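So this one's upload15.pdb, PDB, C-alpha atoms and all ligand atoms:
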```
ATOM      1  CA  MET A   1      -7.810   1.536  14.972
ATOM      2  CA  LYS A   2      -7.040   3.361  11.728
ATOM      3  CA  LEU A   3      -7.137   1.917   8.228
ATOM      4  CA  GLY A   4      -4.589   2.897   5.589
ATOM      5  CA  VAL A   5      -5.590   1.782   2.105
ATOM      6  CA  ASN A   6      -2.878   0.812  -0.353
ATOM      7  CA  VAL A   7      -3.931   1.690  -3.921
ATOM      8  CA  ASP A   8      -0.916   0.186  -5.752
ATOM      9  CA  HIS A   9      -2.977  -2.394  -7.570
ATOM     10  CA  VAL A  10      -5.247   0.173  -9.152
ATOM     11  CA  ALA A  11      -2.041   1.349 -10.820
ATOM     12  CA  THR A  12      -1.180  -2.274 -11.669
ATOM     13  CA  ILE A  13      -4.351  -2.455 -13.800
ATOM     14  CA  ARG A  14      -3.526   0.872 -15.452
ATOM     15  CA  GLN A  15       0.049  -0.161 -16.225
ATOM     16  CA  ALA A  16      -1.161  -3.449 -17.746
ATOM     17  CA  ARG A  17      -2.562  -1.356 -20.623
ATOM     18  CA  GLY A  18      -0.217   1.632 -20.496
ATOM     19  CA  VAL A  19      -3.188   4.014 -20.497
ATOM     20  CA  ARG A  20      -4.422   6.700 -18.083
ATOM     21  CA  PHE A  21      -7.029   4.746 -16.176
ATOM     22  CA  PRO A  22      -7.876   3.516 -13.626
ATOM     23  CA  ASP A  23      -6.119   6.332 -11.808
ATOM     24  CA  PRO A  24      -4.868   5.498  -8.300
ATOM     25  CA  VAL A  25      -5.434   9.160  -7.436
ATOM     26  CA  PHE A  26      -9.185   8.747  -8.018
ATOM     27  CA  ALA A  27      -9.101   5.484  -6.095
ATOM     28  CA  ALA A  28      -7.424   7.232  -3.166
ATOM     29  CA  SER A  29     -10.180   9.869  -3.021
ATOM     30  CA  LEU A  30     -12.872   7.186  -3.108
ATOM     31  CA  ALA A  31     -11.052   5.230  -0.391
ATOM     32  CA  GLU A  32     -11.066   8.354   1.753
ATOM     33  CA  LEU A  33     -14.786   8.826   1.091
ATOM     34  CA  GLY A  34     -15.222   5.243   2.267
ATOM     35  CA  GLY A  35     -13.461   6.022   5.533
ATOM     36  CA  ALA A  36      -9.768   5.336   4.886
ATOM     37  CA  GLU A  37      -7.673   7.260   7.367
ATOM     38  CA  GLY A  38      -4.557   7.075   5.247
ATOM     39  CA  ILE A  39      -3.447   6.337   1.694
ATOM     40  CA  VAL A  40      -0.465   4.075   1.087
ATOM     41  CA  VAL A  41       1.553   3.717  -2.119
ATOM     42  CA  HIS A  42       4.772   1.856  -2.823
ATOM     43  CA  LEU A  43       7.015   3.583  -5.350
ATOM     44  CA  ARG A  44       9.060   0.587  -6.475
ATOM     45  CA  GLU A  45      12.371   1.032  -8.214
ATOM     46  CA  ASP A  46      11.050  -0.845 -11.279
ATOM     47  CA  ARG A  47       7.927   1.398 -11.355
ATOM     48  CA  ARG A  48       5.738  -1.630 -11.963
ATOM     49  CA  HIS A  49       2.632   0.112 -10.639
ATOM     50  CA  ILE A  50       2.880   3.491  -8.879
ATOM     51  CA  GLN A  51       4.663   6.246 -10.855
ATOM     52  CA  GLU A  52       6.347   9.417  -9.598
ATOM     53  CA  ARG A  53       3.451  11.432 -11.006
ATOM     54  CA  ASP A  54       1.026   9.496  -8.811
ATOM     55  CA  VAL A  55       2.960  10.315  -5.652
ATOM     56  CA  ARG A  56       3.261  13.988  -6.630
ATOM     57  CA  VAL A  57      -0.459  14.340  -7.365
ATOM     58  CA  LEU A  58      -1.442  12.345  -4.268
ATOM     59  CA  ARG A  59       0.655  14.715  -2.181
ATOM     60  CA  ASP A  60      -1.740  17.473  -3.255
ATOM     61  CA  THR A  61      -4.989  15.528  -3.169
ATOM     62  CA  VAL A  62      -4.816  13.178  -0.175
ATOM     63  CA  GLN A  63      -6.892  14.674   2.612
ATOM     64  CA  THR A  64      -5.854  12.226   5.313
ATOM     65  CA  ARG A  65      -2.266  11.026   5.477
ATOM     66  CA  LEU A  66       0.035   9.962   2.641
ATOM     67  CA  ASN A  67       2.264   7.017   3.521
ATOM     68  CA  LEU A  68       5.011   6.375   0.951
ATOM     69  CA  GLU A  69       6.503   2.889   1.071
ATOM     70  CA  MET A  70       9.973   2.832  -0.386
ATOM     71  CA  ALA A  71      13.400   1.254  -0.347
ATOM     72  CA  ALA A  72      16.107   3.261   1.400
ATOM     73  CA  ASP A  73      18.095   3.864  -1.804
ATOM     74  CA  GLU A  74      19.615   7.260  -2.454
ATOM     75  CA  GLU A  75      17.445   8.236  -5.416
ATOM     76  CA  THR A  76      14.114   7.357  -3.768
ATOM     77  CA  VAL A  77      15.139   9.011  -0.492
ATOM     78  CA  ALA A  78      15.921  12.254  -2.388
ATOM     79  CA  LEU A  79      12.612  12.040  -4.249
ATOM     80  CA  ALA A  80      10.665  11.468  -1.022
ATOM     81  CA  ALA A  81      12.381  14.449   0.593
ATOM     82  CA  ARG A  82      11.185  16.630  -2.320
ATOM     83  CA  ILE A  83       7.607  15.307  -2.325
ATOM     84  CA  LYS A  84       7.329  15.245   1.479
ATOM     85  CA  PRO A  85       4.758  12.555   2.266
ATOM     86  CA  ASP A  86       3.431  12.618   5.832
ATOM     87  CA  LEU A  87       5.116   9.320   6.502
ATOM     88  CA  VAL A  88       7.664   7.105   4.781
ATOM     89  CA  THR A  89       7.730   3.366   5.407
ATOM     90  CA  LEU A  90      11.091   1.828   4.631
ATOM     91  CA  VAL A  91      10.741  -1.637   3.147
ATOM     92  CA  PRO A  92      13.141  -4.147   1.616
ATOM     93  CA  GLU A  93      12.850  -4.405  -2.152
ATOM     94  CA  ARG A  94      13.926  -7.097  -4.556
ATOM     95  CA  ARG A  95      13.226  -6.696  -8.260
ATOM     96  CA  GLU A  96      12.157 -10.274  -8.822
ATOM     97  CA  GLU A  97       9.697 -10.456  -5.908
ATOM     98  CA  LEU A  98       5.941 -10.384  -6.532
ATOM     99  CA  THR A  99       5.385  -8.343  -3.380
ATOM    100  CA  THR A 100       7.335  -7.332  -0.259
ATOM    101  CA  GLU A 101       8.223 -10.772   1.008
ATOM    102  CA  GLY A 102       9.677 -10.020   4.431
ATOM    103  CA  GLY A 103      10.652  -7.257   6.807
ATOM    104  CA  LEU A 104      13.885  -5.258   6.771
ATOM    105  CA  ASN A 105      17.068  -6.749   8.122
ATOM    106  CA  LEU A 106      18.293  -3.786  10.164
ATOM    107  CA  PHE A 107      21.450  -5.598  11.243
ATOM    108  CA  SER A 108      22.875  -5.623   7.739
ATOM    109  CA  MET A 109      23.101  -1.834   7.263
ATOM    110  CA  GLN A 110      22.474  -0.073  10.560
ATOM    111  CA  ASP A 111      24.548   2.999   9.620
ATOM    112  CA  LYS A 112      22.651   3.497   6.395
ATOM    113  CA  PHE A 113      19.277   3.204   8.143
ATOM    114  CA  LYS A 114      20.402   5.601  10.867
ATOM    115  CA  ARG A 115      21.467   8.182   8.260
ATOM    116  CA  THR A 116      18.209   7.778   6.349
ATOM    117  CA  ILE A 117      16.036   8.075   9.470
ATOM    118  CA  ASP A 118      17.956  11.142  10.681
ATOM    119  CA  PHE A 119      17.684  12.719   7.232
ATOM    120  CA  PHE A 120      13.886  12.275   7.145
ATOM    121  CA  HIS A 121      13.588  13.608  10.677
ATOM    122  CA  GLU A 122      15.460  16.759   9.602
ATOM    123  CA  LYS A 123      12.817  17.117   6.863
ATOM    124  CA  GLU A 124      10.075  16.578   9.494
ATOM    125  CA  ILE A 125       8.906  13.356   7.882
ATOM    126  CA  THR A 126       7.795  10.525  10.168
ATOM    127  CA  VAL A 127       9.606   7.219   9.571
ATOM    128  CA  ALA A 128       8.152   3.732   9.871
ATOM    129  CA  LEU A 129      10.208   0.558   9.466
ATOM    130  CA  PHE A 130       8.561  -2.567   8.061
ATOM    131  CA  LEU A 131       9.759  -5.466  10.224
ATOM    132  CA  ASP A 132       8.969  -9.095  10.786
ATOM    133  CA  PRO A 133       7.575  -9.728  14.289
ATOM    134  CA  ASP A 134      11.107 -10.194  15.623
ATOM    135  CA  VAL A 135      12.203  -8.867  19.012
ATOM    136  CA  LYS A 136      15.817  -8.259  17.948
ATOM    137  CA  GLN A 137      14.849  -6.205  14.895
ATOM    138  CA  ILE A 138      12.432  -4.160  17.028
ATOM    139  CA  GLU A 139      15.192  -3.375  19.521
ATOM    140  CA  VAL A 140      17.396  -2.084  16.714
ATOM    141  CA  ALA A 141      14.506  -0.004  15.340
ATOM    142  CA  HIS A 142      14.206   1.624  18.745
ATOM    143  CA  ALA A 143      17.938   2.301  18.891
ATOM    144  CA  LEU A 144      17.744   3.896  15.438
ATOM    145  CA  SER A 145      14.945   6.271  16.607
ATOM    146  CA  ALA A 146      12.275   4.963  14.270
ATOM    147  CA  ASP A 147       8.887   6.575  14.961
ATOM    148  CA  ILE A 148       6.737   3.613  13.991
ATOM    149  CA  VAL A 149       7.245  -0.097  13.405
ATOM    150  CA  GLU A 150       4.893  -1.697  10.925
ATOM    151  CA  ILE A 151       4.699  -5.420  11.680
ATOM    152  CA  HIS A 152       4.792  -7.656   8.602
ATOM    153  CA  THR A 153       1.726  -9.896   8.922
ATOM    154  CA  GLY A 154       2.459 -11.887   5.751
ATOM    155  CA  ARG A 155       3.641 -15.052   7.506
ATOM    156  CA  TYR A 156       0.534 -15.058   9.713
ATOM    157  CA  ALA A 157      -1.678 -14.498   6.653
ATOM    158  CA  ASN A 158      -0.058 -17.403   4.818
ATOM    159  CA  THR A 159      -0.815 -19.939   7.552
ATOM    160  CA  ARG A 160      -3.961 -22.063   7.468
ATOM    161  CA  VAL A 161      -6.981 -20.987   9.531
ATOM    162  CA  ASP A 162      -6.985 -22.662  12.971
ATOM    163  CA  SER A 163      -3.554 -24.224  12.371
ATOM    164  CA  LYS A 164      -0.945 -24.400  15.124
ATOM    165  CA  ALA A 165       1.342 -22.285  12.937
ATOM    166  CA  ARG A 166      -1.251 -19.517  12.820
ATOM    167  CA  GLY A 167      -1.394 -19.458  16.622
ATOM    168  CA  VAL A 168       2.401 -19.229  16.804
ATOM    169  CA  GLU A 169       2.527 -16.366  14.280
ATOM    170  CA  LEU A 170      -0.286 -14.536  16.050
ATOM    171  CA  ASN A 171       1.536 -14.784  19.392
ATOM    172  CA  GLN A 172       4.674 -13.332  17.851
ATOM    173  CA  ILE A 173       2.680 -10.429  16.457
ATOM    174  CA  VAL A 174       1.044  -9.795  19.856
ATOM    175  CA  GLU A 175       4.396  -9.893  21.687
ATOM    176  CA  SER A 176       6.009  -7.650  19.070
ATOM    177  CA  ALA A 177       3.163  -5.137  19.264
ATOM    178  CA  GLN A 178       3.580  -4.998  23.053
ATOM    179  CA  LEU A 179       7.340  -4.492  22.809
ATOM    180  CA  ILE A 180       7.022  -1.759  20.171
ATOM    181  CA  SER A 181       4.434   0.031  22.273
ATOM    182  CA  GLN A 182       6.552  -0.279  25.460
ATOM    183  CA  SER A 183       9.477   1.148  23.470
ATOM    184  CA  LYS A 184       7.324   4.230  22.794
ATOM    185  CA  MET A 185       7.124   3.695  19.056
ATOM    186  CA  GLY A 186       3.863   3.654  17.097
ATOM    187  CA  VAL A 187       2.556   0.235  16.080
ATOM    188  CA  SER A 188       1.012  -0.575  12.725
ATOM    189  CA  ALA A 189       0.683  -3.816  10.810
ATOM    190  CA  GLY A 190      -0.035  -5.056   7.341
ATOM    191  CA  HIS A 191       0.524  -7.380   4.418
ATOM    192  CA  GLY A 192      -1.719 -10.187   3.313
ATOM    193  CA  LEU A 193      -4.612  -9.089   5.522
ATOM    194  CA  ASP A 194      -8.006  -9.942   4.068
ATOM    195  CA  TYR A 195     -11.675 -10.019   5.009
ATOM    196  CA  THR A 196     -11.302 -13.165   7.114
ATOM    197  CA  ASN A 197      -7.852 -13.048   8.683
ATOM    198  CA  VAL A 198      -8.058  -9.385   9.748
ATOM    199  CA  THR A 199     -10.264 -10.021  12.786
ATOM    200  CA  GLN A 200      -7.600 -11.560  15.037
ATOM    201  CA  ILE A 201      -5.135  -8.812  14.165
ATOM    202  CA  ALA A 202      -7.717  -6.066  14.718
ATOM    203  CA  LYS A 203      -8.176  -7.334  18.296
ATOM    204  CA  ILE A 204      -4.574  -6.474  19.228
ATOM    205  CA  SER A 205      -5.021  -3.299  21.247
ATOM    206  CA  GLU A 206      -1.474  -1.950  20.772
ATOM    207  CA  ILE A 207      -1.828  -1.802  16.983
ATOM    208  CA  ALA A 208      -2.950   1.698  16.007
ATOM    209  CA  GLU A 209      -3.212   1.229  12.241
ATOM    210  CA  LEU A 210      -3.607  -1.500   9.617
ATOM    211  CA  ASN A 211      -2.400  -1.012   6.062
ATOM    212  CA  ILE A 212      -4.343  -3.117   3.581
ATOM    213  CA  GLY A 213      -4.196  -3.153  -0.210
ATOM    214  CA  HIS A 214      -4.632  -6.244  -2.322
ATOM    215  CA  SER A 215      -7.734  -7.688  -0.651
ATOM    216  CA  ILE A 216      -9.587  -4.354  -0.756
ATOM    217  CA  ILE A 217      -8.771  -3.643  -4.409
ATOM    218  CA  ALA A 218      -9.593  -7.261  -5.323
ATOM    219  CA  ARG A 219     -12.951  -6.972  -3.530
ATOM    220  CA  ALA A 220     -13.639  -3.650  -5.241
ATOM    221  CA  VAL A 221     -13.136  -5.265  -8.653
ATOM    222  CA  LEU A 222     -15.696  -7.951  -7.862
ATOM    223  CA  VAL A 223     -18.326  -5.860  -6.099
ATOM    224  CA  GLY A 224     -18.050  -3.210  -8.826
ATOM    225  CA  ILE A 225     -18.448  -5.460 -11.875
ATOM    226  CA  GLU A 226     -22.242  -5.610 -11.836
ATOM    227  CA  ALA A 227     -22.649  -1.825 -11.718
ATOM    228  CA  ALA A 228     -19.910  -1.307 -14.325
ATOM    229  CA  VAL A 229     -21.520  -3.734 -16.785
ATOM    230  CA  ARG A 230     -24.948  -2.209 -16.201
ATOM    231  CA  GLU A 231     -23.555   1.250 -16.987
ATOM    232  CA  MET A 232     -21.944   0.061 -20.231
ATOM    233  CA  LYS A 233     -25.171  -1.716 -21.264
ATOM    234  CA  HIS A 234     -27.097   1.455 -20.561
ATOM    235  CA  ARG A 235     -24.768   3.532 -22.740
ATOM    236  CA  ILE A 236     -24.934   1.048 -25.582
ATOM    237  CA  ASP A 237     -28.734   0.787 -25.385
ATOM    238  CA  HIS A 238     -29.062   4.576 -25.104
ATOM    239  CA  SER A 239     -26.923   5.079 -28.241
ATOM    240  CA  ARG A 240     -29.260   2.863 -30.199
ATOM    241  CA  MET A 241     -32.481   4.516 -29.045
ATOM    242  CA  GLY A 242     -34.527   5.658 -32.013
ATOM    243  CA  LEU A 243     -32.704   3.363 -34.454
ATOM    244  CA  SER A 244     -34.880   0.854 -36.191
ATOM    245  CA  SER A 245     -33.187  -2.515 -36.047
ATOM    246  CA  GLY A 246     -30.575  -3.033 -38.747
ATOM    247  CA  THR A 247     -30.090   0.731 -39.367
ATOM    248  CA  THR A 248     -26.498   1.998 -39.431
ATOM    249  CA  PRO A 249     -25.897   5.306 -37.584
ATOM    250  CA  SER A 250     -25.141   8.153 -40.009
ATOM    251  CA  ALA A 251     -21.829   9.045 -38.338
ATOM    252  CA  HIS A 252     -20.671   5.502 -38.887
ATOM    253  CA  ARG A 253     -21.865   5.454 -42.501
ATOM    254  CA  SER A 254     -19.963   8.588 -43.367
ATOM    255  CA  GLY A 255     -16.834   7.253 -41.699
ATOM    256  CA  SER A 256     -16.518  10.156 -39.280
ATOM    257  CA  PRO A 257     -15.181   9.353 -35.828
ATOM    258  CA  ALA A 258     -17.754   8.395 -33.191
TER
HETATM  259  N1  LIG B   1       2.323  -2.662   4.304
HETATM  260  C1  LIG B   1       3.473  -2.736   3.582
HETATM  261  C2  LIG B   1       4.720  -2.175   4.188
HETATM  262  C3  LIG B   1       3.500  -3.279   2.289
HETATM  263  O1  LIG B   1       4.647  -3.348   1.592
HETATM  264  C4  LIG B   1       2.268  -3.706   1.718
HETATM  265  C5  LIG B   1       2.246  -4.199   0.290
HETATM  266  O2  LIG B   1       2.576  -3.159  -0.572
HETATM  267  C6  LIG B   1       1.109  -3.613   2.491
HETATM  268  C7  LIG B   1       1.157  -3.113   3.777
HETATM  269  C8  LIG B   1      -0.227  -4.057   1.964
HETATM  270  O3  LIG B   1      -0.196  -5.434   1.719
HETATM  271  P1  LIG B   1      -1.411  -6.122   0.967
HETATM  272  O4  LIG B   1      -1.461  -5.540  -0.414
HETATM  273  O5  LIG B   1      -1.049  -7.576   0.987
HETATM  274  O6  LIG B   1      -2.639  -5.800   1.762
END
```
What would the structure in this file look like if it were written as structure tokens?
Amino acid sequence: MKLGVNVDHVATIRQARGVRFPDPVFAASLAELGGAEGIVVHLREDRRHIQERDVRVLRDTVQTRLNLEMAADEETVALAARIKPDLVTLVPERREELTTEGGLNLFSMQDKFKRTIDFFHEKEITVALFLDPDVKQIEVAHALSADIVEIHTGRYANTRVDSKARGVELNQIVESAQLISQSKMGVSAGHGLDYTNVTQIAKISEIAELNIGHSIIARAVLVGIEAAVREMKHRIDHSRMGLSSGTTPSAHRSGSPA
């Protein structure tokens, strides 16, 4: 089973300050060093985290596979066709949502999805559709010639451990994965997967790839804090080596920049 790592929330931290770091491009390289078999970014219409520049640079630097999540709007489709990620994942997008809250409703705009999928196929870009574990949506995806269905695992992830609801959600994911596979489409899954709830999903043999973002970036922040603080302490202590206590560095005294 492959792991695609979503680095959106590295960009969320950068955008919170409007500066140049942390750079999701660096994060993507480190994720690949750690074993990620794909890099995922969501270029949202409101550009709240990933920027066009990130996708362009990632296109050049990603060594594995670049998966661009996007809404099927005209402007983003044209941009994706220019940048040419290895894979696009079409997702629903609402400005006011905190994250992608559900799968696509393919019934509402079948013609538009068909045109978009055909267009990407002409450009030799693989197309995944992000769907709830729903048999009817999967059947439409097949009819529209989607290459991959990514199953939205958010509802499963939001249920309580060992609850009846979790069992029900898990069954739907298993049945959906089987149907997608029988329909000769690739099966991936993601959203809300973390270090505890991933195990049941990872056991589903039909699923070829999991796409995970928030829990990995959140874990990286915590496991990295100790080393990051130690490095800053070291730099501060190193700068003061040779100073007798209470002495002001000459650069500071003269007012020149440090
Ligand atoms: N897959 C898709 C299609 C998504 O939209 C997202 C969230 O951007 C993910 C996977 C990753 O979800 P999470 O950040 O909850 O792991």
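Once only C-alpha atoms are considered, the residues situated within 12 Å of the file point (6.6, 13.2, -10.2) turn out to be A:Leu43, A:Arg47, A:Ile50, A:Gln51, A:Glu52, A:Arg53, A:Asp54, A:Val55, A:Arg56, A:Val57, A:Leu58, A:Arg59, A:Asp60, A:Thr76, A:Leu79, A:Ala80, A:Arg82, A:Ile83, A:Lys84.
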Original post:
When the PyMOL selection byres (((not hetatm)) within 7 of (chain B and resi 1)) is applied to the file above, which residues end up in the set, as a list in words?
Top reply: Asn6, His42, Glu69, Thr89, Val91, Thr99, Thr100, Phe130, Glu150, Ala189, Gly190, His191, Gly192, Leu193, Asn211, Ile212, Gly213, His214 and Ser215 of chain A
Exercise for the section: Please indicate the distance in Å from atom CA of Glu175 of chain A to atom CA of Val187 of chain A, rounded to one decimal place. Expected result: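 Atom CA of Val187 of chain A lies 11.7 Å from atom CA of Glu175 of chain A.
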Shortest interatomic distance to Ala157 of chain A - which of A:Arg44, A:Asp118, A:Glu101, A:Val88, counting all atoms listed in the file
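Closest candidate: A:Glu101.
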Discussion item. Quick one: residues within 12 Å of Arg115 of chain A, all atoms listed in the file, excluding same-chain residues fewer than 2 positions away - as an NGL selection string?
Written reply: :A and (72-74 or 77 or 109-113 or 117-122 or 127 or 144-146)
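You will find atom CA of Met185 of chain A at 10.7 Å from atom CA of Ala208 of chain A.
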Next item on the list: Could you give me, as a list in words, the residues within 9 Å of segment 137-140 of chain A, counting all atoms listed in the file and dropping anything in the same chain fewer than 2 positions from it?
Entry: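 In the requested format, the answer is Leu104, Asn105, Leu106, Phe107, Gln110, Leu131, Asp132, Pro133, Asp134, Val135, His142, Ala143, Leu144, Ser145, Val149, Ser176, Leu179, Ile180 and Ser183 of chain A.
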Output for the residues just chosen: C-alpha atoms as a tab-separated table (two decimals), keeping the file's coordinate frame:
```tsv
chain	number	residue	atom	x	y	z
A	104	LEU	CA	13.88	-5.26	6.77
A	105	ASN	CA	17.07	-6.75	8.12
A	106	LEU	CA	18.29	-3.79	10.16
A	107	PHE	CA	21.45	-5.60	11.24
A	110	GLN	CA	22.47	-0.07	10.56
A	131	LEU	CA	9.76	-5.47	10.22
A	132	ASP	CA	8.97	-9.10	10.79
A	133	PRO	CA	7.58	-9.73	14.29
A	134	ASP	CA	11.11	-10.19	15.62
A	135	VAL	CA	12.20	-8.87	19.01
A	142	HIS	CA	14.21	1.62	18.74
A	143	ALA	CA	17.94	2.30	18.89
A	144	LEU	CA	17.74	3.90	15.44
A	145	SER	CA	14.94	6.27	16.61
A	149	VAL	CA	7.24	-0.10	13.40
A	176	SER	CA	6.01	-7.65	19.07
A	179	LEU	CA	7.34	-4.49	22.81
A	180	ILE	CA	7.02	-1.76	20.17
A	183	SER	CA	9.48	1.15	23.47
```
Across A:Thr153, A:Asn67, A:Ser181, A:Asn158, the smallest distance to Leu90 of chain A, with only C-alpha atoms counted, is shown by A:Asn67
re atom CA of Leu30 of chain A and atom CA of Ser205 of chain A: distance 27.7 Å
Name the residues captured by the PyMOL selection byres (((chain A and resi 37) around 8) and not hetatm) when it is applied to the shown file; answer as a list in words.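 Output from the PyMOL selection byres (((chain A and resi 37) around 8) and not hetatm), applied to this file: Lys2, Leu3, Gly4, Val5, Glu32, Gly35, Ala36, Gly38, Ile39, Thr64 and Arg65 of chain A.
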How would the residues just picked look written out with C-alpha atoms as a PDB file, in the frame of the given file?
```
ATOM      1  CA  LYS A   2      -7.040   3.361  11.728  1.00  0.00           C
ATOM      2  CA  LEU A   3      -7.137   1.917   8.228  1.00  0.00           C
ATOM      3  CA  GLY A   4      -4.589   2.897   5.589  1.00  0.00           C
ATOM      4  CA  VAL A   5      -5.590   1.782   2.105  1.00  0.00           C
ATOM      5  CA  GLU A  32     -11.066   8.354   1.753  1.00  0.00           C
ATOM      6  CA  GLY A  35     -13.461   6.022   5.533  1.00  0.00           C
ATOM      7  CA  ALA A  36      -9.768   5.336   4.886  1.00  0.00           C
ATOM      8  CA  GLY A  38      -4.557   7.075   5.247  1.00  0.00           C
ATOM      9  CA  ILE A  39      -3.447   6.337   1.694  1.00  0.00           C
ATOM     10  CA  THR A  64      -5.854  12.226   5.313  1.00  0.00           C
ATOM     11  CA  ARG A  65      -2.266  11.026   5.477  1.00  0.00           C
TER      12      ARG A  65
END
```
Out of A:Ile225, A:Asp162, A:His49, A:Ile217, which residue has the shortest atom-to-atom distance to Ala16 of chain A when counting all atoms listed in the file?
->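 Of A:Ile225, A:Asp162, A:His49, A:Ile217, the one nearest Ala16 of chain A is A:His49, counting all atoms listed in the file.
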Which of these residues is nearest to Asn197 of chain A, using all atoms listed in the file: A:Arg160, A:His9, A:Arg230, A:Arg17?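 Among A:Arg160, A:His9, A:Arg230, A:Arg17, it is A:Arg160 that comes nearest to Asn197 of chain A.
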Note to self: Which residues are close to Ala11 of chain A, i.e. within 8 Å by all atoms listed in the file, leaving aside same-chain residues fewer than 3 positions away? Reply as a list in words.
What the structure shows: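 Result of the neighbour search: Val7, Asp8, Arg14, Gln15, Pro22, Asp23, Pro24, His49 and Ile50 of chain A.
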For Gly102 of chain A, the closest of A:His152, A:Lys164, A:Lys123, A:Lys136 counting all atoms listed in the file is A:His152
One residue among A:Met1, A:Ala165, A:Val10, A:Ala128 is nearest to Asp86 of chain A when using only C-alpha atoms, and that residue is A:Ala128
